[in-house]
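Okay, structure first, notes after.
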Amino acid sequence: MKIAITGTPGTGKTEVAKLLAKELGWKLVELNKLAKEKNLYSGYDKKRECEVVDLGKIEKEVLKIKGNLILESHYAHDMPADIVIVLRCDPKELRERMEKRGWSKEKIEENIEAEIMDVCKTETLEKCKQRVFEVNTTKKESEGAIQDIIEILKVNKELGK
């Protein structure tokens with residue numbers, strides 16, 4: 001089984017995915033790290049000053065990995081998965097999180113706008129045939145989000161726990 005954890009940057013994907021993988025005893029695939037390790041890029045975005053991931057190449061790498069997986073990234077919903085969890089966060093709290101990270105004003109505004117416009121959720125619903133669920137991380141420790149996800153998996157009979 002593959003679970004994709006997606007959402008706007010700053011919603012808690014990395015921390016939630018790490019804790020969920022540990023809780024379930026599943027392999028964690030941090031897609032950005034995989035892209036960097038295997039140089040799975042199609043170009044460079046000068047405006048955002050970052051590499052552009054080649055989704056086709058990264059999907060081929062993901063398909064090679066066997067077993068139960070947690071896929072983590074703001075584009076995890078573009079990967080083959082059985083369930084997609086979209087993490088959401090109130091824009092005010094999201095702004096605070098990004099400011100603490102020292103992100104540029106432009107990057108913060110772009111991501112706040114993406115959260116307000118439901119970009120990750122909309123893309124997920126448009127592209128995915130899998131089941132899609134939202135988990136709100138506002139004012140919630142990562143452990144609380146993990147419990148919400150585990151409950152979703154139990155209710156949907158994906159976990160025998």
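By convention here, the chains of the structure tokens are called A, B, ... in the order presented, each chain's residues are numbered starting at 1, and ligands are numbered starting at 1 in the order presented.
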
Determine which residues of chain A DSSP labels as strand (DSSP E or B) from the backbone of this structure, then write them out as a PyMOL selection string. chain A and resi 2-7+27-30+41-45+50-53+69-72+83-88+131-136

List every residue of range 79-160 of chain A that DSSP, applied to the backbone of this structure, assigns to alpha helix (DSSP H), and report them as a ChimeraX atom specification. /A:91-100,105-116,119-127,142-155

Using only C-alpha atoms, which protein or nucleic acid residues come within 8 Å of range 143-153 of chain A? Drop anything in the same chain fewer than 6 positions from it, and give the result as number ranges by chain. A: 16, 19-20, 85, 133, 135-137, 159

Tell me, as an MDAnalysis selection string, which residues lie within 12 Å of Asp118 in chain A, counting only C-alpha atoms; anything in the same chain fewer than 2 positions away does not count. chainID A and resid 6:8 86:91 111:116 120:126 134

Quick one: everything within 10 Å of Lys107 in chain A, counting only C-alpha atoms, minus sequence neighbours fewer than 6 positions away in the same chain. Send it as a PDB file with N, CA, C and O atoms, in the first residue's frame.
```pdb
ATOM      1  N   PRO A   9       3.413  23.850   1.177  1.00  0.00           N
ATOM      2  CA  PRO A   9       4.592  23.922   2.041  1.00  0.00           C
ATOM      3  C   PRO A   9       4.259  24.591   3.379  1.00  0.00           C
ATOM      4  O   PRO A   9       3.542  25.589   3.419  1.00  0.00           O
ATOM      5  N   ARG A  48      11.774  31.078  -8.857  1.00  0.00           N
ATOM      6  CA  ARG A  48      11.695  30.466  -7.524  1.00  0.00           C
ATOM      7  C   ARG A  48      13.046  29.988  -7.008  1.00  0.00           C
ATOM      8  O   ARG A  48      13.159  29.514  -5.892  1.00  0.00           O
ATOM      9  N   MET A  98       5.999  29.832   8.235  1.00  0.00           N
ATOM     10  CA  MET A  98       6.935  30.183   7.163  1.00  0.00           C
ATOM     11  C   MET A  98       7.859  31.322   7.576  1.00  0.00           C
ATOM     12  O   MET A  98       9.046  31.315   7.233  1.00  0.00           O
ATOM     13  N   GLU A 113      -1.369  32.017  -0.726  1.00  0.00           N
ATOM     14  CA  GLU A 113      -2.378  32.054  -1.788  1.00  0.00           C
ATOM     15  C   GLU A 113      -2.749  30.636  -2.232  1.00  0.00           C
ATOM     16  O   GLU A 113      -3.918  30.319  -2.432  1.00  0.00           O
TER      17      GLU A 113
END
```

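The gap separating CA of Leu24 in chain A from CA of Leu69 in chain A is 9.7 Å, in Å to one decimal.
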
What is the distance, in Å and to one decimal place, between CA of Glu106 in chain A and CA of Ala4 in chain A? 27.3 Å

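In this structure, CA of Gly12 in chain A sits 7.3 Å away from CA of Ser142 in chain A.
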
Proximity of range 79-135 of chain A to range 55-65 of chain A: per-residue shortest pair, 10 Å limit, only C-alpha atoms, as CSV:
```
residue,atom,partner,partner_atom,distance
A:Met79,CA,A:Glu59,CA,5.8
A:Pro80,CA,A:Glu59,CA,7.4
A:Ala81,CA,A:Val62,CA,9.9
```

Name the closest residue to Asn39 in chain A among the candidates A:Ile70, A:Thr14, A:Lys27, A:Val53; distances are taken between atoms, counting only C-alpha atoms. A:Val53

Residue nearest Gly25 in chain A - candidates A:Asn68, A:Glu99, A:Asp82, A:Leu94, atoms counted: only C-alpha atoms: A:Asn68
